[in-house]
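Peer 1: Got a file for you: start-v3.tsv, TSV, C-alpha atoms.
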```tsv
chain	number	residue	atom	x	y	z
A	1	MET	CA	0.00	0.00	0.00
A	2	LYS	CA	1.33	3.42	-0.94
A	3	ARG	CA	1.77	5.80	1.98
A	4	VAL	CA	0.65	9.38	1.39
A	5	ARG	CA	2.81	12.09	2.93
A	6	ILE	CA	0.34	14.56	4.40
A	7	GLY	CA	0.87	17.86	6.17
A	8	VAL	CA	-1.66	19.23	8.64
A	9	ILE	CA	-2.45	22.95	8.77
A	10	GLY	CA	-4.29	23.91	11.94
A	11	CYS	CA	-3.51	22.23	15.28
A	12	GLY	CA	-6.66	23.03	17.26
A	13	ALA	CA	-9.44	20.90	18.75
A	14	ILE	CA	-10.57	18.97	15.67
A	15	ALA	CA	-6.96	18.09	14.81
A	16	GLN	CA	-6.11	17.06	18.37
A	17	VAL	CA	-9.31	15.07	19.00
A	18	HIS	CA	-9.77	13.34	15.65
A	19	HIS	CA	-7.47	13.94	12.71
A	20	LEU	CA	-4.03	13.53	14.26
A	21	PRO	CA	-4.95	10.43	16.32
A	22	ASN	CA	-6.51	8.87	13.20
A	23	LEU	CA	-3.50	9.66	11.02
A	24	ALA	CA	-1.24	8.17	13.69
A	25	ALA	CA	-3.35	4.99	13.69
A	26	LEU	CA	-3.40	4.74	9.88
A	27	GLN	CA	0.35	4.27	9.55
A	28	ASP	CA	0.05	2.04	6.50
A	29	GLU	CA	-1.83	4.76	4.64
A	30	PHE	CA	-0.27	8.02	5.85
A	31	GLU	CA	2.95	9.60	7.02
A	32	VAL	CA	2.78	13.02	8.72
A	33	PRO	CA	6.20	14.71	8.40
A	34	ILE	CA	5.10	18.29	9.17
A	35	VAL	CA	2.37	20.32	10.86
A	36	CYS	CA	1.61	24.03	10.87
A	37	ASP	CA	-0.22	26.51	13.05
A	38	VAL	CA	0.04	30.27	13.43
A	39	SER	CA	0.37	29.51	17.14
A	40	ALA	CA	3.93	28.29	17.64
A	41	GLY	CA	2.85	26.75	20.94
A	42	ALA	CA	0.09	24.68	19.33
A	43	ALA	CA	2.32	23.57	16.46
A	44	GLU	CA	5.11	22.52	18.81
A	45	TYR	CA	2.69	20.76	21.17
A	46	VAL	CA	1.10	18.53	18.52
A	47	SER	CA	4.50	17.90	16.94
A	48	GLN	CA	5.79	16.54	20.23
A	49	THR	CA	2.56	14.76	21.22
A	50	PHE	CA	2.12	12.93	17.91
A	51	HIS	CA	5.84	12.45	17.18
A	52	ILE	CA	5.84	14.60	14.05
A	53	PRO	CA	9.38	15.56	12.96
A	54	ARG	CA	8.81	19.18	11.95
A	55	TYR	CA	6.50	22.07	12.74
A	56	VAL	CA	6.18	25.52	11.16
A	57	THR	CA	4.03	28.61	11.71
A	58	ASP	CA	3.73	29.72	8.06
A	59	TYR	CA	1.58	27.53	5.82
A	60	ARG	CA	3.74	28.49	2.83
A	61	ASP	CA	6.65	26.65	4.42
A	62	LEU	CA	4.50	23.53	4.65
A	63	LEU	CA	3.34	23.88	1.03
A	64	ALA	CA	6.97	24.19	-0.05
A	65	SER	CA	7.80	20.85	1.59
A	66	ASP	CA	7.64	17.49	-0.17
A	67	VAL	CA	4.22	16.42	1.14
A	68	ASP	CA	1.75	14.87	-1.30
A	69	ALA	CA	-1.34	16.24	0.40
A	70	VAL	CA	-2.52	18.73	2.99
A	71	LEU	CA	-5.30	18.55	5.56
A	72	LEU	CA	-6.76	21.98	6.30
A	73	CYS	CA	-8.35	22.32	9.72
A	74	HIS	CA	-7.27	25.84	10.64
A	75	SER	CA	-9.62	28.70	11.44
A	76	ASP	CA	-12.05	29.85	8.76
A	77	PRO	CA	-12.00	30.97	6.08
A	78	LYS	CA	-9.75	28.37	4.47
A	79	THR	CA	-10.05	29.58	0.89
A	80	ARG	CA	-6.70	31.35	0.56
A	81	VAL	CA	-4.72	28.31	1.77
A	82	ALA	CA	-6.84	25.81	-0.19
A	83	VAL	CA	-6.26	27.63	-3.49
A	84	GLU	CA	-2.53	27.98	-2.83
A	85	ALA	CA	-2.30	24.30	-1.89
A	86	PHE	CA	-3.85	23.21	-5.18
A	87	ASN	CA	-1.59	25.64	-7.03
A	88	ALA	CA	1.38	24.00	-5.26
A	89	GLY	CA	0.33	20.63	-6.68
A	90	LYS	CA	-1.03	19.12	-3.46
A	91	HIS	CA	-4.11	17.00	-2.87
A	92	VAL	CA	-6.34	18.90	-0.45
A	93	PHE	CA	-8.69	17.80	2.32
A	94	VAL	CA	-10.68	20.82	3.59
A	95	GLU	CA	-12.46	20.53	6.92
A	96	LYS	CA	-15.97	21.93	6.99
A	97	PRO	CA	-17.07	24.55	6.28
A	98	MET	CA	-15.19	24.59	3.01
A	99	CYS	CA	-15.97	28.29	2.64
A	100	PHE	CA	-18.77	30.85	3.02
A	101	SER	CA	-19.45	32.37	-0.40
A	102	ILE	CA	-20.13	31.22	-3.95
A	103	GLN	CA	-17.12	33.25	-5.09
A	104	GLU	CA	-14.88	31.27	-2.73
A	105	ALA	CA	-16.43	27.96	-3.76
A	106	ASP	CA	-15.81	28.74	-7.42
A	107	ALA	CA	-12.21	29.76	-6.72
A	108	ILE	CA	-11.52	26.53	-4.81
A	109	SER	CA	-13.22	24.40	-7.47
A	110	ALA	CA	-11.33	26.10	-10.30
A	111	ALA	CA	-7.99	25.61	-8.54
A	112	CYS	CA	-8.81	21.97	-7.84
A	113	GLN	CA	-9.81	21.23	-11.42
A	114	ALA	CA	-6.81	23.06	-12.85
A	115	SER	CA	-4.44	21.11	-10.59
A	116	GLY	CA	-5.84	17.69	-11.43
A	117	LYS	CA	-5.55	16.82	-7.73
A	118	ILE	CA	-8.10	15.42	-5.28
A	119	GLY	CA	-10.12	18.02	-3.39
A	120	GLN	CA	-12.25	16.54	-0.61
A	121	ALA	CA	-14.56	18.40	1.75
A	122	GLY	CA	-14.51	17.18	5.35
A	123	TYR	CA	-18.06	15.84	5.40
A	124	MET	CA	-17.56	12.96	7.79
A	125	LYS	CA	-21.21	12.07	8.40
A	126	VAL	CA	-21.74	10.66	4.90
A	127	HIS	CA	-18.94	8.22	5.76
A	128	ASP	CA	-20.65	7.19	8.99
A	129	PRO	CA	-21.52	3.47	8.72
A	130	ALA	CA	-25.02	4.29	10.03
A	131	PHE	CA	-25.60	6.89	7.32
A	132	GLU	CA	-24.35	4.51	4.63
A	133	LEU	CA	-26.69	1.79	5.87
A	134	ALA	CA	-29.62	4.23	6.09
A	135	LYS	CA	-28.99	5.48	2.57
A	136	ARG	CA	-29.13	1.94	1.22
A	137	GLU	CA	-32.54	1.58	2.86
A	138	VAL	CA	-33.78	4.95	1.57
A	139	ASP	CA	-32.58	4.12	-1.94
A	140	THR	CA	-35.13	1.28	-2.00
A	141	MET	CA	-38.01	3.69	-1.25
A	142	ASP	CA	-40.00	5.00	-4.22
A	143	ASP	CA	-42.73	6.52	-2.06
A	144	ILE	CA	-40.95	9.09	0.12
A	145	ARG	CA	-43.54	11.56	1.46
A	146	PHE	CA	-41.89	13.49	4.28
A	147	VAL	CA	-38.45	14.04	5.79
A	148	GLN	CA	-37.72	15.53	9.19
A	149	ALA	CA	-34.37	16.47	10.71
A	150	ASN	CA	-33.68	17.92	14.15
A	151	HIS	CA	-30.36	19.13	15.49
A	152	LEU	CA	-30.39	20.09	19.18
A	153	HIS	CA	-26.92	21.41	19.83
A	154	CYS	CA	-25.44	21.66	23.30
A	155	GLY	CA	-22.29	23.63	24.03
A	156	ASN	CA	-19.20	21.96	22.55
A	157	GLU	CA	-17.23	22.62	25.72
A	158	LEU	CA	-19.44	20.15	27.60
A	159	HIS	CA	-17.93	17.38	25.49
A	160	LEU	CA	-14.48	18.80	24.80
A	161	THR	CA	-13.69	18.56	28.51
A	162	ASN	CA	-13.44	14.78	27.97
A	163	PHE	CA	-10.28	15.28	25.91
A	164	ARG	CA	-6.87	16.67	26.67
A	165	ILE	CA	-6.84	19.70	24.36
A	166	LYS	CA	-4.11	22.29	24.64
A	167	ARG	CA	-4.82	25.88	23.63
A	168	PHE	CA	-2.31	28.70	23.37
A	169	ASP	CA	-2.59	32.48	23.37
A	170	ASP	CA	0.39	33.25	21.16
A	171	ILE	CA	-1.40	33.89	17.85
A	172	PRO	CA	0.26	36.90	16.17
A	173	PRO	CA	-2.02	39.95	15.82
A	174	ASP	CA	-1.32	40.13	12.07
A	175	ALA	CA	-2.62	36.58	11.59
A	176	MET	CA	-5.77	37.36	13.57
A	177	ARG	CA	-6.34	40.53	11.57
A	178	GLN	CA	-5.89	38.74	8.24
A	179	GLY	CA	-8.33	36.03	9.25
A	180	SER	CA	-10.88	38.61	10.39
A	181	GLU	CA	-10.59	40.57	7.16
A	182	ASP	CA	-10.88	37.46	4.98
A	183	GLY	CA	-13.90	36.31	6.99
A	184	ALA	CA	-15.66	39.66	6.76
A	185	LYS	CA	-15.17	39.78	2.99
A	186	ALA	CA	-16.41	36.22	2.54
A	187	ARG	CA	-19.53	36.89	4.61
A	188	HIS	CA	-20.22	40.08	2.69
A	189	ASP	CA	-19.84	38.27	-0.64
A	190	ALA	CA	-22.25	35.60	0.62
A	191	ILE	CA	-25.04	37.60	2.27
A	192	GLY	CA	-24.15	41.27	2.00
A	193	ASP	CA	-24.46	43.49	5.06
A	194	ILE	CA	-26.98	41.23	6.81
A	195	ALA	CA	-26.46	41.04	10.57
A	196	GLY	CA	-28.70	40.30	13.58
A	197	ASP	CA	-30.65	37.04	13.61
A	198	ALA	CA	-29.98	36.30	9.94
A	199	GLY	CA	-26.25	36.87	10.33
A	200	SER	CA	-26.17	34.59	13.35
A	201	ALA	CA	-28.14	31.91	11.49
A	202	PHE	CA	-25.69	32.11	8.59
A	203	SER	CA	-22.81	31.41	10.98
A	204	THR	CA	-24.72	28.57	12.66
A	205	LEU	CA	-25.60	26.88	9.39
A	206	SER	CA	-22.07	27.28	8.03
A	207	GLY	CA	-20.38	25.94	11.14
A	208	SER	CA	-22.72	23.27	12.51
A	209	GLY	CA	-25.80	22.95	10.30
A	210	ILE	CA	-23.61	22.16	7.30
A	211	HIS	CA	-23.39	18.58	8.61
A	212	ASP	CA	-27.13	18.19	8.17
A	213	LEU	CA	-27.33	20.01	4.84
A	214	TYR	CA	-24.71	17.93	3.05
A	215	GLY	CA	-26.36	14.81	4.48
A	216	PHE	CA	-29.67	15.85	2.91
A	217	ARG	CA	-27.97	16.30	-0.47
A	218	ALA	CA	-26.19	12.94	-0.24
A	219	MET	CA	-29.43	11.20	0.77
A	220	LEU	CA	-32.02	13.03	-1.34
A	221	GLY	CA	-30.25	15.21	-3.88
A	222	VAL	CA	-30.41	18.98	-4.34
A	223	PRO	CA	-33.73	20.52	-3.21
A	224	GLU	CA	-35.88	22.34	-5.75
A	225	ALA	CA	-36.35	25.32	-3.43
A	226	VAL	CA	-36.31	26.70	0.09
A	227	ALA	CA	-40.01	27.08	0.82
A	228	SER	CA	-39.67	29.14	4.00
A	229	THR	CA	-37.40	29.89	6.95
A	230	GLU	CA	-38.16	31.00	10.51
A	231	LEU	CA	-35.56	32.22	13.02
A	232	TRP	CA	-35.76	32.83	16.75
A	233	ASN	CA	-33.52	33.10	19.80
A	234	GLY	CA	-31.16	35.50	18.07
A	235	GLY	CA	-30.73	33.21	15.08
A	236	ARG	CA	-29.76	30.29	17.32
A	237	GLY	CA	-33.07	28.68	16.50
A	238	ILE	CA	-33.72	27.87	12.83
A	239	THR	CA	-36.54	26.05	11.10
A	240	THR	CA	-36.58	25.78	7.32
A	241	ILE	CA	-38.70	23.81	4.87
A	242	LEU	CA	-37.02	22.41	1.75
A	243	GLU	CA	-38.92	21.31	-1.34
A	244	TYR	CA	-37.99	18.18	-3.30
A	245	PRO	CA	-39.52	16.57	-6.41
A	246	ASN	CA	-42.90	14.80	-6.16
A	247	GLU	CA	-44.08	17.29	-3.50
A	248	VAL	CA	-41.75	15.86	-0.86
A	249	ARG	CA	-41.04	18.27	1.98
A	250	LEU	CA	-38.12	18.27	4.42
A	251	VAL	CA	-38.61	20.15	7.69
A	252	TYR	CA	-35.29	20.97	9.36
A	253	THR	CA	-34.75	22.51	12.79
A	254	TRP	CA	-31.46	23.51	14.40
A	255	ALA	CA	-31.72	24.80	17.98
A	256	ALA	CA	-29.15	25.71	20.60
A	257	ILE	CA	-29.44	24.10	24.04
A	258	PRO	CA	-26.09	25.31	25.36
A	259	GLY	CA	-26.41	24.28	29.00
A	260	LEU	CA	-27.62	20.71	28.50
A	261	TRP	CA	-25.33	17.72	28.01
A	262	ASP	CA	-27.72	15.79	25.76
A	263	PHE	CA	-26.82	16.40	22.10
A	264	LYS	CA	-29.44	15.15	19.61
A	265	GLU	CA	-29.16	14.99	15.83
A	266	THR	CA	-31.66	12.94	13.84
A	267	LEU	CA	-32.65	12.37	10.22
A	268	GLU	CA	-36.03	10.71	9.59
A	269	VAL	CA	-37.26	9.65	6.15
A	270	TYR	CA	-40.92	8.57	5.85
A	271	GLY	CA	-42.64	6.66	3.05
A	272	ASP	CA	-45.96	4.88	2.75
A	273	THR	CA	-44.57	1.52	3.86
A	274	LYS	CA	-41.18	2.34	5.38
A	275	ARG	CA	-39.48	4.85	7.61
A	276	VAL	CA	-35.74	5.16	8.26
A	277	ILE	CA	-34.38	7.03	11.29
A	278	VAL	CA	-30.71	7.89	11.87
A	279	LYS	CA	-29.42	9.24	15.21
A	280	TYR	CA	-25.95	10.75	15.50
A	281	PRO	CA	-23.74	11.48	18.52
A	282	THR	CA	-21.90	14.76	18.84
A	283	GLY	CA	-18.92	15.12	16.50
A	284	PHE	CA	-16.73	15.66	19.57
A	285	SER	CA	-16.92	12.08	20.77
A	286	ARG	CA	-15.00	8.87	20.21
A	287	GLY	CA	-16.39	5.36	20.34
A	288	ILE	CA	-20.07	6.40	20.44
A	289	LEU	CA	-21.97	4.86	17.54
A	290	SER	CA	-24.71	6.38	15.45
A	291	THR	CA	-27.85	4.24	15.22
A	292	VAL	CA	-30.36	3.31	12.53
A	293	THR	CA	-33.95	2.20	13.03
A	294	VAL	CA	-36.04	0.87	10.13
A	295	HIS	CA	-39.80	0.38	10.37
A	296	GLU	CA	-41.49	-1.26	7.39
A	297	ILE	CA	-44.60	-3.13	6.31
A	298	GLU	CA	-43.95	-6.36	4.47
A	299	ALA	CA	-46.02	-7.69	1.58
A	300	ASP	CA	-48.20	-9.80	3.90
A	301	GLY	CA	-49.00	-6.77	6.05
A	302	THR	CA	-46.61	-7.63	8.87
A	303	THR	CA	-45.00	-4.60	10.51
A	304	VAL	CA	-41.28	-5.08	11.15
A	305	LEU	CA	-38.79	-3.08	13.20
A	306	LYS	CA	-35.06	-3.48	12.53
A	307	GLU	CA	-32.13	-1.99	14.39
A	308	PRO	CA	-29.10	-3.13	12.38
A	309	ALA	CA	-25.71	-3.49	14.04
A	310	ILE	CA	-23.38	-0.62	13.09
A	311	GLU	CA	-19.69	-1.05	12.27
A	312	TRP	CA	-17.32	0.31	14.89
A	313	GLU	CA	-14.99	2.35	12.67
A	314	SER	CA	-15.49	6.08	13.16
A	315	ALA	CA	-16.76	8.37	10.43
A	316	PHE	CA	-13.60	10.49	10.77
A	317	SER	CA	-11.37	7.49	10.17
A	318	ARG	CA	-13.41	6.30	7.21
A	319	GLU	CA	-13.38	9.70	5.50
A	320	ILE	CA	-9.59	10.03	5.71
A	321	ARG	CA	-9.17	6.48	4.42
A	322	HIS	CA	-11.46	7.46	1.54
A	323	PHE	CA	-9.17	10.43	0.83
A	324	HIS	CA	-6.24	8.01	0.66
A	325	ALA	CA	-8.11	5.72	-1.75
A	326	CYS	CA	-9.02	8.66	-3.99
A	327	ILE	CA	-5.33	9.61	-4.21
A	328	THR	CA	-3.80	6.16	-4.59
A	329	GLU	CA	-6.53	4.22	-6.41
A	330	GLY	CA	-8.22	6.96	-8.42
A	331	ILE	CA	-11.70	6.28	-7.08
A	332	PRO	CA	-14.23	9.14	-7.35
A	333	CYS	CA	-14.38	11.43	-4.34
A	334	ARG	CA	-17.72	11.15	-2.56
A	335	THR	CA	-17.52	14.64	-1.07
A	336	SER	CA	-15.64	16.68	-3.63
A	337	VAL	CA	-14.98	20.38	-3.18
A	338	VAL	CA	-16.73	20.92	-6.53
A	339	ASP	CA	-20.00	19.41	-5.28
A	340	ALA	CA	-19.72	21.26	-1.95
A	341	ARG	CA	-20.68	24.43	-3.82
A	342	ASN	CA	-24.28	23.18	-3.63
A	343	ASP	CA	-24.21	23.32	0.17
A	344	ILE	CA	-22.81	26.85	0.26
A	345	ALA	CA	-25.55	27.96	-2.13
A	346	LEU	CA	-28.22	26.29	0.00
A	347	ILE	CA	-27.09	28.08	3.18
A	348	ILE	CA	-27.25	31.41	1.37
A	349	ASN	CA	-30.75	30.59	0.05
A	350	ILE	CA	-32.00	29.61	3.52
A	351	VAL	CA	-30.89	33.00	4.87
A	352	LYS	CA	-32.35	34.76	1.84
A	353	SER	CA	-35.67	32.97	2.36
A	354	TYR	CA	-35.83	34.53	5.83
A	355	THR	CA	-34.73	38.04	4.89
A	356	GLU	CA	-36.97	38.20	1.81
A	357	HIS	CA	-39.90	36.29	3.37
A	358	ALA	CA	-40.07	34.31	0.16
A	359	ARG	CA	-39.72	30.96	-1.52
A	360	ILE	CA	-36.21	30.78	-3.02
A	361	PRO	CA	-35.80	28.36	-5.95
A	362	SER	CA	-32.53	26.53	-6.44
A	363	GLU	CA	-30.66	27.92	-9.42
A	364	TRP	CA	-27.54	25.77	-9.46
```
Have the structure of the file written as structure tokens, please.

Peer 2:
Amino acid sequence: MKRVRIGVIGCGAIAQVHHLPNLAALQDEFEVPIVCDVSAGAAEYVSQTFHIPRYVTDYRDLLASDVDAVLLCHSDPKTRVAVEAFNAGKHVFVEKPMCFSIQEADAISAACQASGKIGQAGYMKVHDPAFELAKREVDTMDDIRFVQANHLHCGNELHLTNFRIKRFDDIPPDAMRQGSEDGAKARHDAIGDIAGDAGSAFSTLSGSGIHDLYGFRAMLGVPEAVASTELWNGGRGITTILEYPNEVRLVYTWAAIPGLWDFKETLEVYGDTKRVIVKYPTGFSRGILSTVTVHEIEADGTTVLKEPAIEWESAFSREIRHFHACITEGIPCRTSVVDARNDIALIINIVKSYTEHARIPSEW
């Protein structure tokens, strides 16, 4: 098996909890010779903790090294580094959200296609064994009537305290200023000068709700329109209705419950004779399985309930192994940066549906 030399840019929580431990475990597939973070303390810490030979604080130094690929999990927006990584001839894995605006999505896609390299968005839930099993069940349904998804999001810190995560306060002011300026421009390109509840909802959907939205697309395809959107609680409560062919409706709610431990994320697909329900744990967990429940009516009228056993491998591990297979075996990428443009456009349309009090058709 060919080992891929991969550099990691961004040494924060998601790298420390998931990506670096997984890369360390997948020693047949990957070698990590270098990491980068604008915080010298963070870069040095993960270098020592995960036995990585070299660390740098300038991503350009990492791109100039002899790595085959880069994993981007630094602070948003990631567009500047993603484009430069493709231009440097690297395969690129971009943690969600890939970007905020259509302009950024097009720039990333163009750079990826021009480079001929693999560009994968970090959409781990479509690699979750439970999601894959549920999709196989849904693919047999020709009578889908209604889809419901609920995401009740507790504060991440409630779960991050279970891990040893080191944070540092040595980020250079220039790096913080550049990130702030890039982020402000990206948001403006995406939604203009919108602030208040709608601005908060845009941030929520981009950062957390994106997991649900790409799952909808992978399961059901691109919606025909956003029928309506309601916001409350300062944009930390969102309910939107998406329209799909054959008059199918998907009702999606994301709501913050910051003080409660119990994270809940569900996707429920209902047909005339079958329903499929997926339940996910928080992304900041290890060893907690998603679940699938299938209710169906058999030809003789018997009602059956199935709760299939789920494979133990984590979604994060499976998605990075998929990235390796795309690079070394040439298989199609299931979550390409090109296709991720659809999810960016949908977030913008959900916000627009609220601000314009209108049905917003999909035009992509």

Peer 1: Go through A:Ala340, A:Ile331, A:Ile310, A:His153 and flag the residue nearest Gly259 (chain A), using only C-alpha atoms for the distances.

Peer 2: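 Smallest distance to Gly259 (chain A) is found for A:His153.
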
Peer 1: For Leu260 (chain A), which of A:Arg236, A:Arg54, A:His159, A:Arg318 is the closest residue, counting all atoms listed in the file?

Peer 2: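 Of A:Arg236, A:Arg54, A:His159, A:Arg318, the one nearest Leu260 (chain A) is A:His159, counting all atoms listed in the file.
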
Peer 1: Just want the 12 Å neighbourhood of Ala325 (chain A), counted on all atoms listed in the file, with same-chain residues fewer than 5 positions away dropped. Output as a list in words.

Peer 2: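 Skipping anything fewer than 5 positions along the chain leaves Met1, Lys2, Arg3, Val4, Glu29, Phe30, Ile118, Gln120, Arg318, Glu319, Ile320, Gly330, Ile331, Pro332, Cys333 and Arg334 of chain A.
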
Peer 1: Choose the residue, out of A:Pro53, A:Ile108, A:Val32, A:Ala299, that has the smallest atom-to-atom separation from Val70 (chain A); count all atoms listed in the file.

Peer 2: A:Val32

Peer 1: Write out as a Markdown table a residue-level contact list of region 72-175 of chain A versus region 40-43 of chain A with cut-off 10 Å: for each qualifying residue the closest pair of atoms and the distance in Å to one decimal, counting only C-alpha atoms, rows sorted by chain and residue number upward.

Peer 2:
```
| residue | atom | partner | partner_atom | distance |
| --- | --- | --- | --- | --- |
| A:Ile165 | CA | A:Ala42 | CA | 9.9 |
| A:Lys166 | CA | A:Ala42 | CA | 7.2 |
| A:Arg167 | CA | A:Ala42 | CA | 6.6 |
| A:Phe168 | CA | A:Gly41 | CA | 6.0 |
| A:Asp169 | CA | A:Gly41 | CA | 8.3 |
| A:Asp170 | CA | A:Gly41 | CA | 7.0 |
| A:Ile171 | CA | A:Ala40 | CA | 7.7 |
| A:Pro172 | CA | A:Ala40 | CA | 9.5 |
```

Peer 1: Closest to Pro129 (chain A) among A:Asp262, A:Glu181, A:Asp343, A:Glu311, using only C-alpha atoms?

Peer 2: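 Result for the nearest residue to Pro129 (chain A): A:Glu311.
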
Peer 1: I'd like to know which of A:Val147, A:Val251, A:Ala69, A:Val38 is closest to Lys117 (chain A), using only C-alpha atoms.

Peer 2: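 Nearest to Lys117 (chain A): A:Ala69.
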
Peer 1: For Gly116 (chain A), find every residue with an atom within 12 Å (counting all atoms listed in the file), except residues of its own chain fewer than 2 positions away, and show them as an MDAnalysis selection string.

Peer 2: chainID A and resid 86:92 109:114 118:119 327 330

Peer 1: For the residues selected in the previous step, produce a file with C-alpha atoms as a PDB file, in the coordinates of the input.

Peer 2:
```
ATOM      1  CA  PHE A  86      -3.850  23.210  -5.180  1.00  0.00           C
ATOM      2  CA  ASN A  87      -1.590  25.640  -7.030  1.00  0.00           C
ATOM      3  CA  ALA A  88       1.380  24.000  -5.260  1.00  0.00           C
ATOM      4  CA  GLY A  89       0.330  20.630  -6.680  1.00  0.00           C
ATOM      5  CA  LYS A  90      -1.030  19.120  -3.460  1.00  0.00           C
ATOM      6  CA  HIS A  91      -4.110  17.000  -2.870  1.00  0.00           C
ATOM      7  CA  VAL A  92      -6.340  18.900  -0.450  1.00  0.00           C
ATOM      8  CA  SER A 109     -13.220  24.400  -7.470  1.00  0.00           C
ATOM      9  CA  ALA A 110     -11.330  26.100 -10.300  1.00  0.00           C
ATOM     10  CA  ALA A 111      -7.990  25.610  -8.540  1.00  0.00           C
ATOM     11  CA  CYS A 112      -8.810  21.970  -7.840  1.00  0.00           C
ATOM     12  CA  GLN A 113      -9.810  21.230 -11.420  1.00  0.00           C
ATOM     13  CA  ALA A 114      -6.810  23.060 -12.850  1.00  0.00           C
ATOM     14  CA  ILE A 118      -8.100  15.420  -5.280  1.00  0.00           C
ATOM     15  CA  GLY A 119     -10.120  18.020  -3.390  1.00  0.00           C
ATOM     16  CA  ILE A 327      -5.330   9.610  -4.210  1.00  0.00           C
ATOM     17  CA  GLY A 330      -8.220   6.960  -8.420  1.00  0.00           C
TER      18      GLY A 330
END
```

Peer 1: Report, in Å with one decimal, the straight-line distance from CA of Phe93 (chain A) to CA of Ala345 (chain A).

Peer 2: 20.2 Å

Peer 1: Rank A:Arg286, A:Thr240, A:Val292, A:Asp174 by their smallest atom-to-atom distance to His357 (chain A), using only C-alpha atoms, and report the top residue only.

Peer 2: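 Looking only at the distances to His357 (chain A), the closest residue turns out to be A:Thr240.
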
Peer 1: Could you state the separation of CA of Glu137 (chain A) and CA of Lys96 (chain A) in Å, given to one decimal place?

Peer 2: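 Calculated distance between CA of Glu137 (chain A) and CA of Lys96 (chain A) is 26.6 Å.
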
Peer 1: CA of His74 (chain A) and CA of Gly221 (chain A) are how many Å apart?

Peer 2: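 Taking CA of His74 (chain A) and CA of Gly221 (chain A), their separation equals 29.2 Å.
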
Peer 1: Which polymer residues have any atom within 10 Å of an atom of Phe216 (chain A), counting all atoms listed in the file, with same-chain residues fewer than 5 positions away left out, as JSON, numbers by chain?

Peer 2: {"A": [126, 147, 149, 210, 211, 221, 222, 223, 242, 250, 252, 267, 343]}

Peer 1: List every residue of region 34-70 of chain A that has an atom at most 9 Å from any atom of region 6-14 of chain A, and for each one report the closest atom pair and its distance in Å to one decimal, counting all atoms listed in the file, with rows sorted by chain and then by increasing residue number, as JSON lines.

Peer 2:
```
{"residue": "A:Ile34", "atom": "CA", "partner": "A:Gly7", "partner_atom": "CA", "distance": 5.2}
{"residue": "A:Val35", "atom": "CA", "partner": "A:Val8", "partner_atom": "CA", "distance": 4.7}
{"residue": "A:Cys36", "atom": "CA", "partner": "A:Ile9", "partner_atom": "CA", "distance": 4.7}
{"residue": "A:Asp37", "atom": "CA", "partner": "A:Gly10", "partner_atom": "CA", "distance": 5.0}
{"residue": "A:Val38", "atom": "CA", "partner": "A:Gly10", "partner_atom": "CA", "distance": 7.8}
{"residue": "A:Ser39", "atom": "CA", "partner": "A:Cys11", "partner_atom": "CA", "distance": 8.5}
{"residue": "A:Ala42", "atom": "CA", "partner": "A:Cys11", "partner_atom": "CA", "distance": 5.9}
{"residue": "A:Ala43", "atom": "CA", "partner": "A:Cys11", "partner_atom": "CA", "distance": 6.1}
{"residue": "A:Tyr45", "atom": "CA", "partner": "A:Cys11", "partner_atom": "CA", "distance": 8.7}
{"residue": "A:Val46", "atom": "CA", "partner": "A:Cys11", "partner_atom": "CA", "distance": 6.7}
{"residue": "A:Tyr59", "atom": "CA", "partner": "A:Ile9", "partner_atom": "CA", "distance": 6.8}
{"residue": "A:Leu62", "atom": "CA", "partner": "A:Gly7", "partner_atom": "CA", "distance": 6.9}
{"residue": "A:Leu63", "atom": "CA", "partner": "A:Gly7", "partner_atom": "CA", "distance": 8.3}
{"residue": "A:Ser65", "atom": "CA", "partner": "A:Gly7", "partner_atom": "CA", "distance": 8.8}
{"residue": "A:Val67", "atom": "CA", "partner": "A:Ile6", "partner_atom": "CA", "distance": 5.4}
{"residue": "A:Asp68", "atom": "CA", "partner": "A:Ile6", "partner_atom": "CA", "distance": 5.9}
{"residue": "A:Ala69", "atom": "CA", "partner": "A:Ile6", "partner_atom": "CA", "distance": 4.7}
{"residue": "A:Val70", "atom": "CA", "partner": "A:Gly7", "partner_atom": "CA", "distance": 4.7}
```

Peer 1: Those same residues, written as an mmCIF file, keeping the file's coordinate frame with C-alpha atoms?

Peer 2:
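Produced file part.cif, reproduced below:
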```
data_model
loop_
_atom_site.group_PDB
_atom_site.id
_atom_site.type_symbol
_atom_site.label_atom_id
_atom_site.label_comp_id
_atom_site.auth_asym_id
_atom_site.auth_seq_id
_atom_site.Cartn_x
_atom_site.Cartn_y
_atom_site.Cartn_z
ATOM 1 C CA ILE A 34 5.100 18.290 9.170
ATOM 2 C CA VAL A 35 2.370 20.320 10.860
ATOM 3 C CA CYS A 36 1.610 24.030 10.870
ATOM 4 C CA ASP A 37 -0.220 26.510 13.050
ATOM 5 C CA VAL A 38 0.040 30.270 13.430
ATOM 6 C CA SER A 39 0.370 29.510 17.140
ATOM 7 C CA ALA A 42 0.090 24.680 19.330
ATOM 8 C CA ALA A 43 2.320 23.570 16.460
ATOM 9 C CA TYR A 45 2.690 20.760 21.170
ATOM 10 C CA VAL A 46 1.100 18.530 18.520
ATOM 11 C CA TYR A 59 1.580 27.530 5.820
ATOM 12 C CA LEU A 62 4.500 23.530 4.650
ATOM 13 C CA LEU A 63 3.340 23.880 1.030
ATOM 14 C CA SER A 65 7.800 20.850 1.590
ATOM 15 C CA VAL A 67 4.220 16.420 1.140
ATOM 16 C CA ASP A 68 1.750 14.870 -1.300
ATOM 17 C CA ALA A 69 -1.340 16.240 0.400
ATOM 18 C CA VAL A 70 -2.520 18.730 2.990
#
```

Peer 1: Pick out the residues sitting within 12 Å of Ile347 (chain A), and hand them over as a PyMOL selection string; count all atoms listed in the file, and ignore anything fewer than 6 positions along from it in its own chain.

Peer 2: chain A and resi 97+99-102+187+190-191+198-199+201-214+223+225-226+229+238+240+242+340-341+353-354+360+362
